[in-house]
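Visitor: One file is attached below, upload_13.cif, containing mmCIF, C-alpha atoms.
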```cif
data_protein
#
loop_
_atom_site.label_atom_id
_atom_site.label_comp_id
_atom_site.auth_asym_id
_atom_site.auth_seq_id
_atom_site.Cartn_x
_atom_site.Cartn_y
_atom_site.Cartn_z
CA MET A 23 -28.88 160.87 129.87
CA ASP A 24 -26.52 159.22 127.39
CA ILE A 25 -22.87 159.94 128.33
CA LEU A 26 -21.90 161.24 124.88
CA GLU A 27 -24.96 163.49 124.81
CA ALA A 28 -24.07 164.85 128.25
CA LYS A 29 -20.47 165.51 127.20
CA SER A 30 -21.62 167.31 124.05
CA GLU A 31 -23.91 169.51 126.15
CA VAL A 32 -20.99 170.43 128.41
CA VAL A 33 -18.76 171.34 125.43
CA LYS A 34 -21.55 173.53 124.04
CA ALA A 35 -22.06 175.20 127.42
CA GLY A 36 -18.34 175.94 127.78
CA LEU A 37 -18.36 177.89 124.52
CA GLU A 38 -21.48 179.78 125.59
CA LEU A 39 -19.82 180.70 128.89
CA VAL A 40 -16.90 182.30 127.05
CA GLN A 41 -19.04 184.05 124.45
CA SER A 42 -21.41 185.44 127.08
CA GLY A 43 -18.59 186.82 129.25
CA LEU A 44 -19.66 184.74 132.26
CA ILE A 45 -16.04 183.57 132.64
CA ALA A 46 -12.55 184.66 131.64
CA ARG A 47 -9.98 182.32 130.17
CA THR A 48 -10.27 178.82 131.74
CA TRP A 49 -11.95 179.94 134.98
CA GLY A 50 -15.28 178.41 135.81
CA ASN A 51 -16.49 174.93 134.94
CA VAL A 52 -19.51 173.05 133.61
CA SER A 53 -21.09 169.70 134.44
CA CYS A 54 -24.08 167.59 133.46
CA ARG A 55 -25.72 164.76 135.40
CA VAL A 56 -25.69 161.42 133.58
CA ASP A 57 -27.73 159.47 136.15
CA ASP A 58 -28.01 159.06 139.91
CA GLU A 59 -24.39 157.87 140.16
CA TYR A 60 -22.38 159.90 137.65
CA PHE A 61 -21.89 163.33 136.11
CA VAL A 62 -19.53 164.64 133.44
CA ILE A 63 -17.45 167.78 133.92
CA THR A 64 -14.94 169.99 132.11
CA PRO A 65 -11.23 169.21 132.59
CA SER A 66 -8.80 171.24 134.67
CA GLY A 67 -6.95 174.14 133.03
CA ARG A 68 -8.22 173.64 129.48
CA SER A 69 -9.37 176.30 127.03
CA TYR A 70 -13.11 176.01 126.39
CA GLU A 71 -12.62 176.84 122.72
CA SER A 72 -10.50 173.71 122.23
CA LEU A 73 -12.66 171.17 124.09
CA THR A 74 -14.17 168.10 122.47
CA PRO A 75 -16.45 165.46 124.04
CA ASP A 76 -13.37 163.25 124.51
CA ASP A 77 -11.93 165.86 126.91
CA ILE A 78 -14.95 165.81 129.25
CA VAL A 79 -14.46 163.59 132.31
CA LEU A 80 -16.95 161.14 133.85
CA VAL A 81 -16.99 161.50 137.66
CA LYS A 82 -18.77 159.52 140.37
CA ILE A 83 -21.14 161.63 142.48
CA GLU A 84 -20.55 159.74 145.72
CA ASP A 85 -16.77 160.13 146.04
CA CYS A 86 -15.64 162.23 143.04
CA SER A 87 -13.57 159.32 141.71
CA TYR A 88 -12.88 159.06 137.99
CA ASP A 89 -11.19 156.66 135.59
CA SER A 90 -9.45 158.92 133.10
CA GLU A 91 -5.98 160.20 132.26
CA ILE A 92 -7.55 163.64 131.90
CA LYS A 93 -7.89 165.44 135.23
CA PRO A 94 -11.38 166.85 135.93
CA SER A 95 -11.94 170.36 137.26
CA SER A 96 -10.61 170.96 140.77
CA GLU A 97 -14.11 172.19 141.67
CA LYS A 98 -15.71 168.79 140.95
CA GLY A 99 -16.56 168.51 144.66
CA ILE A 100 -19.03 171.40 144.64
CA HIS A 101 -20.71 169.99 141.53
CA ALA A 102 -20.98 166.59 143.21
CA MET A 103 -22.60 168.18 146.27
CA ALA A 104 -25.16 169.95 144.06
CA TYR A 105 -26.17 166.67 142.44
CA LYS A 106 -26.13 164.80 145.75
CA MET A 107 -28.26 167.37 147.59
CA ARG A 108 -30.59 168.41 144.77
CA SER A 109 -32.31 165.55 142.93
CA ASP A 110 -33.92 168.04 140.52
CA VAL A 111 -30.56 169.49 139.40
CA ASN A 112 -29.19 168.03 136.18
CA PHE A 113 -26.88 170.80 134.95
CA VAL A 114 -24.43 173.00 136.87
CA ILE A 115 -22.31 175.94 135.72
CA HIS A 116 -19.72 177.57 137.93
CA THR A 117 -19.34 181.12 136.62
CA HIS A 118 -17.17 184.14 137.37
CA GLN A 119 -19.81 186.58 136.16
CA LYS A 120 -19.32 190.28 136.80
CA ASN A 121 -22.27 191.36 138.93
CA ALA A 122 -22.43 188.20 141.05
CA SER A 123 -18.71 188.60 141.71
CA ALA A 124 -19.28 192.26 142.60
CA VAL A 125 -21.48 191.27 145.55
CA SER A 126 -19.43 188.23 146.57
CA PHE A 127 -17.74 190.13 149.41
CA LEU A 128 -21.05 190.33 151.28
CA GLY A 129 -21.21 188.47 154.55
CA TYR A 130 -24.96 187.99 154.26
CA ASP A 131 -27.50 186.49 151.84
CA ILE A 132 -29.53 188.51 149.35
CA ASN A 133 -33.22 188.23 150.19
CA MET A 134 -34.92 191.06 148.30
CA LEU A 135 -35.86 189.34 145.03
CA SER A 136 -38.76 190.28 142.78
CA GLU A 137 -41.54 187.78 142.15
CA ASP A 138 -40.24 187.11 138.64
CA SER A 139 -36.72 186.45 139.94
CA ARG A 140 -38.04 184.17 142.67
CA GLU A 141 -39.72 182.01 140.03
CA ILE A 142 -36.38 181.50 138.27
CA ILE A 143 -33.87 181.41 141.15
CA GLY A 144 -35.77 180.90 144.37
CA ALA A 145 -36.65 182.95 147.43
CA ASP A 146 -33.11 184.15 148.12
CA ILE A 147 -29.46 183.98 147.05
CA PRO A 148 -27.15 182.53 149.71
CA VAL A 149 -23.55 183.77 149.91
CA ALA A 150 -21.21 180.90 150.76
CA SER A 151 -18.25 181.49 153.08
CA TYR A 152 -14.79 181.80 151.51
CA GLY A 153 -12.37 179.01 150.80
CA LEU A 154 -9.37 178.83 148.49
CA PRO A 155 -10.21 177.47 145.01
CA GLY A 156 -10.37 173.69 144.85
CA THR A 157 -10.24 173.19 148.62
CA GLY A 158 -12.41 171.38 151.13
CA LYS A 159 -13.11 174.70 152.83
CA LEU A 160 -14.72 176.06 149.66
CA ARG A 161 -16.78 172.88 149.33
CA LYS A 162 -17.95 173.13 152.95
CA GLY A 163 -19.04 176.74 152.44
CA VAL A 164 -21.08 175.84 149.36
CA THR A 165 -22.57 172.79 151.12
CA ALA A 166 -23.71 174.97 154.04
CA ALA A 167 -25.30 177.42 151.58
CA LEU A 168 -27.14 174.59 149.83
CA GLU A 169 -28.38 173.30 153.19
CA ARG A 170 -29.88 176.60 154.31
CA SER A 171 -31.45 177.60 150.99
CA ALA A 172 -33.38 175.98 148.15
CA SER A 173 -32.06 178.59 145.72
CA LYS A 174 -30.77 177.58 142.29
CA ALA A 175 -27.92 180.10 142.64
CA VAL A 176 -25.15 180.34 145.22
CA VAL A 177 -22.66 183.21 145.31
CA MET A 178 -19.23 182.05 146.53
CA ALA A 179 -17.40 184.69 148.56
CA HIS A 180 -14.52 186.33 146.67
CA HIS A 181 -14.83 183.69 143.96
CA GLY A 182 -17.86 183.42 141.68
CA ALA A 183 -21.23 181.73 141.48
CA LEU A 184 -22.80 178.30 141.21
CA CYS A 185 -25.88 178.20 138.97
CA MET A 186 -27.99 175.05 138.89
CA GLY A 187 -30.79 174.00 136.58
CA THR A 188 -33.03 171.15 135.59
CA ASP A 189 -31.23 171.23 132.24
CA TYR A 190 -28.77 173.25 130.14
CA GLU A 191 -31.22 176.05 129.31
CA ASP A 192 -32.47 176.36 132.87
CA ALA A 193 -28.94 176.71 134.31
CA PHE A 194 -28.10 179.54 131.90
CA LYS A 195 -31.42 181.19 132.64
CA VAL A 196 -30.52 181.15 136.33
CA ALA A 197 -27.08 182.68 135.57
CA ALA A 198 -28.66 185.49 133.54
CA GLU A 199 -31.25 186.21 136.23
CA LEU A 200 -28.55 186.19 138.91
CA GLU A 201 -26.70 188.95 137.04
CA LYS A 202 -29.91 190.97 136.86
CA VAL A 203 -30.68 190.55 140.56
CA CYS A 204 -27.13 191.48 141.62
CA GLU A 205 -27.17 194.54 139.36
CA GLU A 206 -30.49 195.67 140.85
CA PHE A 207 -29.08 195.12 144.33
CA LEU A 208 -26.07 197.36 143.63
CA LEU A 209 -28.06 200.10 141.90
CA ASP A 210 -30.52 200.13 144.80
CA ARG A 211 -27.63 200.61 147.23
CA LEU A 212 -26.24 203.39 145.02
CA HIS A 213 -29.58 205.19 145.24
CA ILE A 214 -29.65 204.80 149.03
CA VAL A 215 -26.08 206.06 149.47
CA SER A 216 -25.99 208.88 146.90
CA GLY A 217 -29.57 209.60 145.86
CA LYS A 218 -28.61 208.80 142.27
CA VAL A 219 -30.88 206.80 140.01
CA SER A 220 -29.05 204.90 137.29
CA ASP A 221 -29.52 201.90 135.01
CA ASN A 222 -25.76 201.61 134.49
CA ILE A 223 -23.68 199.59 136.96
CA ALA A 224 -20.60 201.66 136.08
CA ALA A 225 -22.29 204.52 137.93
CA VAL A 226 -21.33 202.80 141.19
CA ALA A 227 -17.63 203.14 140.36
CA GLU A 228 -18.15 206.69 139.10
CA HIS A 229 -19.76 207.72 142.39
CA ILE A 230 -16.91 206.26 144.45
CA ALA A 231 -14.36 208.06 142.26
CA GLU A 232 -16.21 211.37 142.58
CA VAL A 233 -16.14 211.35 146.38
CA SER A 234 -12.55 210.11 146.70
CA GLU A 235 -9.62 212.28 147.75
CA GLY A 236 -7.52 211.03 144.85
CA ALA A 237 -9.89 212.51 142.29
CA LYS A 238 -8.93 216.05 143.37
CA LYS A 239 -5.50 215.76 141.74
CA GLN A 240 -5.70 215.36 137.98
CA ALA A 241 -3.09 214.06 135.54
CA MET A 242 -2.61 214.73 131.83
CA ILE A 243 -4.95 212.69 129.63
CA PHE A 244 -3.58 210.74 126.65
CA ALA A 245 -5.04 208.39 124.06
CA PRO A 246 -4.95 204.62 124.73
CA TYR A 247 -3.01 202.27 122.44
CA THR A 248 -2.82 198.49 122.27
CA SER A 249 0.56 197.09 121.28
CA GLU A 250 2.35 193.83 120.47
CA ARG A 251 6.05 193.01 120.54
CA GLU A 252 7.30 191.76 117.17
CA GLY A 253 11.00 190.95 117.32
CA ASP A 254 12.95 194.12 118.08
CA THR A 255 9.94 196.32 117.33
CA MET A 256 6.47 196.96 118.70
CA LEU A 257 3.33 197.54 116.66
CA MET A 258 1.04 200.12 118.28
CA ASN A 259 -2.65 200.41 117.39
CA PRO A 260 -4.89 203.22 118.64
CA ALA A 261 -7.65 201.72 120.79
CA GLU A 262 -10.22 204.07 119.30
CA GLY A 263 -9.23 203.31 115.70
CA GLY A 264 -6.74 204.95 113.37
CA GLU A 265 -3.31 204.49 111.86
CA SER A 266 -0.90 201.91 113.30
CA VAL A 267 2.77 202.63 113.87
CA ARG A 268 5.78 200.32 114.22
CA ILE A 269 8.47 201.52 116.61
CA ASP A 270 12.02 200.31 117.25
CA LEU A 271 12.26 199.09 120.85
CA SER A 272 15.93 200.01 121.20
CA ASN A 273 15.73 203.70 120.29
CA GLY A 274 12.05 204.62 119.94
CA ASN A 275 12.36 205.55 116.28
CA GLU A 276 9.49 204.93 113.87
CA VAL A 277 10.08 201.97 111.58
CA SER A 278 6.84 202.62 109.71
CA PRO A 279 6.09 206.36 110.01
CA CYS A 280 2.63 207.69 110.85
CA ASP A 281 1.06 211.12 111.03
CA GLU A 282 0.97 211.24 114.82
CA TYR A 283 3.58 209.65 117.11
CA PRO A 284 1.78 208.04 120.12
CA GLU A 285 2.16 209.96 123.37
CA SER A 286 2.38 206.63 125.21
CA ALA A 287 5.08 205.10 122.98
CA GLU A 288 7.80 205.55 125.61
CA LEU A 289 5.59 203.90 128.23
CA HIS A 290 5.01 200.82 126.06
CA ARG A 291 8.69 200.69 125.09
CA ALA A 292 9.80 200.89 128.73
CA ILE A 293 7.50 198.02 129.69
CA TYR A 294 8.76 195.75 126.90
CA ASN A 295 12.40 196.55 127.61
CA SER A 296 12.03 195.78 131.32
CA ARG A 297 9.70 192.77 131.05
CA LYS A 298 10.85 189.99 128.73
CA ASP A 299 7.73 188.01 129.70
CA VAL A 300 5.47 190.71 128.20
CA ASN A 301 4.62 190.62 124.49
CA CYS A 302 1.26 192.40 124.53
CA ILE A 303 -0.10 195.52 126.22
CA ILE A 304 -3.72 196.67 126.39
CA HIS A 305 -4.30 200.21 127.61
CA SER A 306 -7.85 199.95 128.92
CA LYS A 307 -10.22 202.78 129.73
CA LYS A 308 -13.28 200.69 130.51
CA PRO A 309 -15.59 202.62 132.88
CA GLU A 310 -14.79 200.81 136.15
CA ILE A 311 -11.06 200.84 135.36
CA LEU A 312 -11.08 204.53 134.45
CA SER A 313 -12.98 205.41 137.63
CA ALA A 314 -10.46 203.54 139.77
CA SER A 315 -7.59 205.34 138.05
CA LYS A 316 -9.13 208.66 139.09
CA MET A 317 -9.04 207.51 142.71
CA GLY A 318 -5.44 206.29 142.51
CA GLY A 319 -3.68 204.54 145.35
CA THR A 320 -3.27 200.81 145.97
CA PHE A 321 -6.03 198.23 145.66
CA LYS A 322 -6.09 194.89 147.48
CA PRO A 323 -7.73 191.74 146.05
CA LEU A 324 -11.40 191.05 146.69
CA LEU A 325 -11.55 188.29 144.06
CA ASP A 326 -9.24 185.30 143.95
CA ASP A 327 -8.91 185.28 140.15
CA PHE A 328 -7.53 188.83 140.47
CA ALA A 329 -4.89 187.62 142.96
CA GLN A 330 -4.00 184.75 140.64
CA LEU A 331 -3.88 186.48 137.28
CA ILE A 332 -2.89 190.06 138.13
CA GLY A 333 -1.09 190.08 141.48
CA VAL A 334 -1.43 190.54 145.22
CA THR A 335 -2.03 194.29 144.89
CA LEU A 336 -2.83 196.81 142.16
CA ARG A 337 -0.79 200.00 142.25
CA THR A 338 -1.17 203.39 140.56
CA GLY A 339 1.49 205.28 138.62
CA GLU A 340 1.29 208.60 136.82
CA TYR A 341 2.54 208.73 133.25
CA ASN A 342 3.14 212.23 131.91
CA PRO A 343 3.49 212.61 128.10
CA ALA A 344 5.51 215.78 128.77
CA ASN A 345 8.09 213.84 130.82
CA THR A 346 8.03 210.41 129.20
CA ALA A 347 11.28 208.71 130.23
CA LYS A 348 11.08 209.47 133.96
CA THR A 349 7.38 208.77 134.42
CA ALA A 350 7.49 205.61 132.26
CA LYS A 351 10.08 204.14 134.61
CA LYS A 352 7.82 204.89 137.58
CA VAL A 353 4.93 203.01 135.99
CA VAL A 354 7.24 200.06 135.24
CA LYS A 355 8.05 199.91 138.97
CA LYS A 356 4.33 199.78 139.79
CA LEU A 357 4.06 196.78 137.44
CA LYS A 358 6.82 194.79 139.13
CA GLY A 359 5.53 191.28 139.83
CA ARG A 360 2.10 192.22 138.45
CA ASN A 361 0.16 192.03 135.20
CA ALA A 362 -1.61 195.38 135.49
CA ALA A 363 -1.08 198.88 136.83
CA LEU A 364 -3.42 201.84 137.02
CA LEU A 365 -2.42 205.04 135.20
CA LYS A 366 -3.64 208.10 137.11
CA ASP A 367 -6.79 209.38 135.34
CA ASN A 368 -5.99 207.23 132.29
CA GLY A 369 -7.29 203.74 133.02
CA ALA A 370 -4.77 200.92 133.23
CA VAL A 371 -2.15 198.97 131.32
CA CYS A 372 -2.83 195.22 131.18
CA VAL A 373 0.24 193.19 130.21
CA ALA A 374 0.79 189.54 129.31
CA GLY A 375 2.71 187.11 127.14
CA ASP A 376 0.09 187.13 124.40
CA MET A 377 -3.10 188.97 123.48
CA TYR A 378 -5.33 186.13 124.71
CA ASP A 379 -3.93 186.50 128.24
CA ALA A 380 -3.86 190.32 128.08
CA GLU A 381 -7.59 190.33 127.28
CA ALA A 382 -8.19 188.00 130.25
CA VAL A 383 -6.24 190.40 132.49
CA GLU A 384 -8.45 193.26 131.32
CA MET A 385 -11.64 191.26 131.98
CA VAL A 386 -10.56 190.24 135.48
CA LEU A 387 -9.36 193.77 136.30
CA GLU A 388 -12.68 195.26 135.25
CA LYS A 389 -14.52 192.75 137.44
CA GLU A 390 -12.25 193.35 140.44
CA LEU A 391 -12.64 197.12 140.27
CA ARG A 392 -16.42 196.83 139.93
CA THR A 393 -16.32 194.70 143.09
CA ASP A 394 -14.03 197.17 144.85
CA ALA A 395 -16.37 200.06 144.06
CA ALA A 396 -19.34 198.09 145.39
CA ALA A 397 -17.40 197.20 148.54
CA LYS A 398 -16.45 200.81 149.20
CA MET A 399 -20.04 201.92 148.67
CA ILE A 400 -21.62 199.28 150.92
CA GLY A 401 -18.75 199.04 153.41
CA ASP A 402 -17.49 196.26 155.68
CA ALA A 403 -15.58 194.51 152.90
CA LYS A 404 -13.11 191.84 153.91
CA TYR A 405 -10.20 191.53 151.52
CA ILE A 406 -8.53 188.23 150.76
CA ASN A 407 -5.88 187.34 153.32
CA PRO A 408 -2.45 188.49 151.97
CA VAL A 409 -0.89 185.08 152.67
CA GLU A 410 -3.64 183.36 150.66
CA ALA A 411 -3.29 185.94 147.88
CA HIS A 412 0.46 185.30 147.64
CA LEU A 413 -0.15 181.54 147.65
CA MET A 414 -2.68 181.74 144.81
CA ARG A 415 -0.40 183.99 142.77
CA PHE A 416 2.55 181.62 143.25
CA ILE A 417 0.55 178.52 142.32
CA TYR A 418 -0.93 180.24 139.29
CA LYS A 419 2.43 181.43 137.94
CA THR A 420 4.31 178.20 138.57
CA LYS A 421 1.64 175.67 137.63
CA TYR A 422 -1.75 176.75 136.34
CA SER A 423 -0.69 179.35 133.74
CA LYS A 424 1.75 176.91 132.15
CA LYS A 425 -0.98 174.26 131.91
CA ALA A 426 -3.42 176.76 130.41
CA LYS A 427 -0.85 177.93 127.86
CA THR A 428 -0.11 174.34 126.83
CA ASN A 429 -3.80 173.58 126.38
CA LYS A 430 -4.87 176.69 124.45
#
```
Hey, can you dump this file as C-alpha cells for me?

Guide:
Amino acid sequence: MDILEAKSEVVKAGLELVQSGLIARTWGNVSCRVDDEYFVITPSGRSYESLTPDDIVLVKIEDCSYDSEIKPSSEKGIHAMAYKMRSDVNFVIHTHQKNASAVSFLGYDINMLSEDSREIIGADIPVASYGLPGTGKLRKGVTAALERSASKAVVMAHHGALCMGTDYEDAFKVAAELEKVCEEFLLDRLHIVSGKVSDNIAAVAEHIAEVSEGAKKQAMIFAPYTSEREGDTMLMNPAEGGESVRIDLSNGNEVSPCDEYPESAELHRAIYNSRKDVNCIIHSKKPEILSASKMGGTFKPLLDDFAQLIGVTLRTGEYNPANTAKTAKKVVKKLKGRNAALLKDNGAVCVAGDMYDAEAVEMVLEKELRTDAAAKMIGDAKYINPVEAHLMRFIYKTKYSKKAKTNK
C-alpha cells in the first residue's frame, strides 16, 4: 500500500475509534501494513482528533526502528508481532473497549463462540497474560496468545484488546464482534449465577449491588450536576437538563439566581476550594457507576487505564444534603490523590482540569466498574499489583498527562 494512503487510513481509523467509544482519550493505537517490511502507526500521547497524515510514523516490522522526530506508540511492538506472525493481517487496532475490558481479568481463553462469530473472529479468543503498558512483558504475553490461537482478536489482561483484519473494515468488524461475544459471555454467566435473563450488560452490576452488604444501608438521593470553575465562581448545570446557576466559590452565594439552589452546591464548592488542579466536575449516575455506589467500600484497579487516570484505589464517601459542610469535607478526603470518588447511592464525582479529561475519567470509571462487577460475579479476579498501580499512576501524572495536554 502507498505510505500516504496507509497514513490516511490510520488517521480515519483513529477518529472512528473515538466516535465509537472503543477508546478513551489517547489510549489505544492504530496501525496499517505498508508492505512486508514496514507499517505505519499512531504517535505516542497524541489526541486522535488532532492527527494528520504527517503525524503518523513509519516503523520497520523487524526491529521496530523508525526515522522520525515524532515518537510512535509505545505499543508498536505488539503491532509488529501481529504483522510478523500473521501474513494476512494488514490493519491492527488496539482498543480499550468496554466489554472486552470487562472480561480481561480472566485467566483463561474464551472458547464458546457462535458459528457467526467464528467466521469473523476465529474459533476462540485468547486472553494474553498481563504486562505493564509498553513493556516487553506485555509483548511476550500477546506473542504467546498469537502463537496458540489463529484468532483475529486477543484480549490483553487488565488492559484492552488487539483486533486484526485484512483491511480497515475487517479490523473494525472484528472489534464490533468481539464486544458482542464478550457481552454474551457475561450475560450467560449472569444467567448461570442468578437465573436472570437480560439483554443489558448493566444488569451484571445491578445484580452484584443487590446481593452486597453495602446496599442494605441507604443514603439520601440528590440530583446530579456538572460544573466548571470560572474564575472565583462555578457554573453548575443540572445533568438531566434545566436552569444553570453561577455560585461564588468563596461564600456559596448565588451570582446568577435560579429557582432551585442545587443540593450538591456545597460538595462542588468544597472540591474546587481544596483542589486547585480541578476545574471541572461531572457527577455521573451511569448504571455501572450507580450500582457500585450502592455497594460502597473501596475498589482496587482491575484495569491499568483506571490506575493511571483515576488512582490506585476508588473510595466511597457519603454526601448528605441535610449536612452539607461536614459531609462535603469527607468526600473531599476520599478524593485525595484521585480523580474520582463514589457517592453512596448517588453515583460518583469525576474531577479533572478540563471537561475533556473529566469525560475521560467518567468513561474509564464506567469501564472499570463494569469489569469489577463481572469479576465479582465470576470470581477469582486478580487485581493489579499495588506497586505496579502506583508506578503507572506516577508515570501518568508526571509524564503522560502533560504530553497529552500539550497535544490536544

Visitor: Using the chain letters and numbering of this document, enumerate as a PyMOL selection string the residues selected by the PyMOL selection byres ((chain A and resi 313) around 6).

Guide: chain A and resi 227-228+231+310-312+314-316

Visitor: Can you spit out the residues from that selection as a PDB file, in the frame of the given file, using C-alpha atoms?

Guide:
```pdb
ATOM      1  CA  ALA A 227     -17.630 203.140 140.360  1.00  0.00           C
ATOM      2  CA  GLU A 228     -18.150 206.690 139.100  1.00  0.00           C
ATOM      3  CA  ALA A 231     -14.360 208.060 142.260  1.00  0.00           C
ATOM      4  CA  GLU A 310     -14.790 200.810 136.150  1.00  0.00           C
ATOM      5  CA  ILE A 311     -11.060 200.840 135.360  1.00  0.00           C
ATOM      6  CA  LEU A 312     -11.080 204.530 134.450  1.00  0.00           C
ATOM      7  CA  ALA A 314     -10.460 203.540 139.770  1.00  0.00           C
ATOM      8  CA  SER A 315      -7.590 205.340 138.050  1.00  0.00           C
ATOM      9  CA  LYS A 316      -9.130 208.660 139.090  1.00  0.00           C
TER      10      LYS A 316
END
```

Visitor: Take the point (-14.1, 185.8, 124.9) as written in the file and pick out every residue within 10 Å of it, counting all atoms listed in the file; give the list as number ranges by chain.

Guide: A: 37-47, 70-71, 378, 381-382, 385

Visitor: Carefully work through the PyMOL selection byres ((chain A and resi 250) around 6) for this structure and note down the residues it includes, as a ChimeraX atom specification.

Guide: /A:249,251,256-257,301-302

Visitor: Give me the residues within 6 Å of region 147-153 of chain A as a list in words, counting all atoms listed in the file and dropping any in the same chain fewer than 3 places off.

Guide: Asp131, Ile132, Lys159, Leu160, Gly163, Val164, Ala167, Val176, Val177, Met178 and Ala179 of chain A

Visitor: Excluding same-chain residues fewer than 5 positions from His181 (chain A), what lies within 8 Å of it counting only C-alpha atoms, as a PyMOL selection string?

Guide: chain A and resi 118+123+126+152+155+325-327

Visitor: Could you give me region 283-303 of chain A completed to N, CA and C atoms, formatted as an mmCIF file, in the coordinates of the input?

Guide:
```cif
data_model
loop_
_atom_site.group_PDB
_atom_site.id
_atom_site.type_symbol
_atom_site.label_atom_id
_atom_site.label_comp_id
_atom_site.auth_asym_id
_atom_site.auth_seq_id
_atom_site.Cartn_x
_atom_site.Cartn_y
_atom_site.Cartn_z
ATOM 1 N N TYR A 283 2.822 210.555 116.251
ATOM 2 C CA TYR A 283 3.580 209.650 117.110
ATOM 3 C C TYR A 283 2.836 209.496 118.439
ATOM 4 N N PRO A 284 2.568 208.254 118.895
ATOM 5 C CA PRO A 284 1.780 208.040 120.120
ATOM 6 C C PRO A 284 2.442 208.658 121.354
ATOM 7 N N GLU A 285 1.642 209.359 122.140
ATOM 8 C CA GLU A 285 2.160 209.960 123.370
ATOM 9 C C GLU A 285 2.626 208.891 124.369
ATOM 10 N N SER A 286 2.040 207.694 124.268
ATOM 11 C CA SER A 286 2.380 206.630 125.210
ATOM 12 C C SER A 286 3.444 205.674 124.701
ATOM 13 N N ALA A 287 4.084 206.006 123.579
ATOM 14 C CA ALA A 287 5.080 205.100 122.980
ATOM 15 C C ALA A 287 6.211 204.781 123.954
ATOM 16 N N GLU A 288 6.689 205.776 124.679
ATOM 17 C CA GLU A 288 7.800 205.550 125.610
ATOM 18 C C GLU A 288 7.368 204.654 126.773
ATOM 19 N N LEU A 289 6.110 204.751 127.165
ATOM 20 C CA LEU A 289 5.590 203.900 128.230
ATOM 21 C C LEU A 289 5.584 202.429 127.771
ATOM 22 N N HIS A 290 5.036 202.176 126.598
ATOM 23 C CA HIS A 290 5.010 200.820 126.060
ATOM 24 C C HIS A 290 6.433 200.283 125.873
ATOM 25 N N ARG A 291 7.308 201.105 125.347
ATOM 26 C CA ARG A 291 8.690 200.690 125.090
ATOM 27 C C ARG A 291 9.409 200.343 126.401
ATOM 28 N N ALA A 292 9.166 201.145 127.428
ATOM 29 C CA ALA A 292 9.800 200.890 128.730
ATOM 30 C C ALA A 292 9.321 199.573 129.328
ATOM 31 N N ILE A 293 8.039 199.276 129.164
ATOM 32 C CA ILE A 293 7.500 198.020 129.690
ATOM 33 C C ILE A 293 8.123 196.825 128.979
ATOM 34 N N TYR A 294 8.174 196.871 127.660
ATOM 35 C CA TYR A 294 8.760 195.750 126.900
ATOM 36 C C TYR A 294 10.239 195.565 127.224
ATOM 37 N N ASN A 295 10.961 196.657 127.357
ATOM 38 C CA ASN A 295 12.400 196.550 127.610
ATOM 39 C C ASN A 295 12.730 196.084 129.020
ATOM 40 N N SER A 296 11.772 196.211 129.943
ATOM 41 C CA SER A 296 12.030 195.780 131.320
ATOM 42 C C SER A 296 11.389 194.435 131.644
ATOM 43 N N ARG A 297 10.434 194.006 130.794
ATOM 44 C CA ARG A 297 9.700 192.770 131.050
ATOM 45 C C ARG A 297 9.767 191.845 129.829
ATOM 46 N N LYS A 298 10.701 190.917 129.851
ATOM 47 C CA LYS A 298 10.850 189.990 128.730
ATOM 48 C C LYS A 298 9.677 189.024 128.627
ATOM 49 N N ASP A 299 8.894 188.902 129.719
ATOM 50 C CA ASP A 299 7.730 188.010 129.700
ATOM 51 C C ASP A 299 6.514 188.670 129.063
ATOM 52 N N VAL A 300 6.605 189.965 128.757
ATOM 53 C CA VAL A 300 5.470 190.710 128.200
ATOM 54 C C VAL A 300 5.635 190.881 126.694
ATOM 55 N N ASN A 301 4.625 190.459 125.951
ATOM 56 C CA ASN A 301 4.620 190.620 124.490
ATOM 57 C C ASN A 301 3.411 191.390 123.995
ATOM 58 N N CYS A 302 2.468 191.666 124.906
ATOM 59 C CA CYS A 302 1.260 192.400 124.530
ATOM 60 C C CYS A 302 0.844 193.342 125.654
ATOM 61 N N ILE A 303 0.375 194.523 125.258
ATOM 62 C CA ILE A 303 -0.100 195.520 126.220
ATOM 63 C C ILE A 303 -1.453 196.045 125.755
#
```
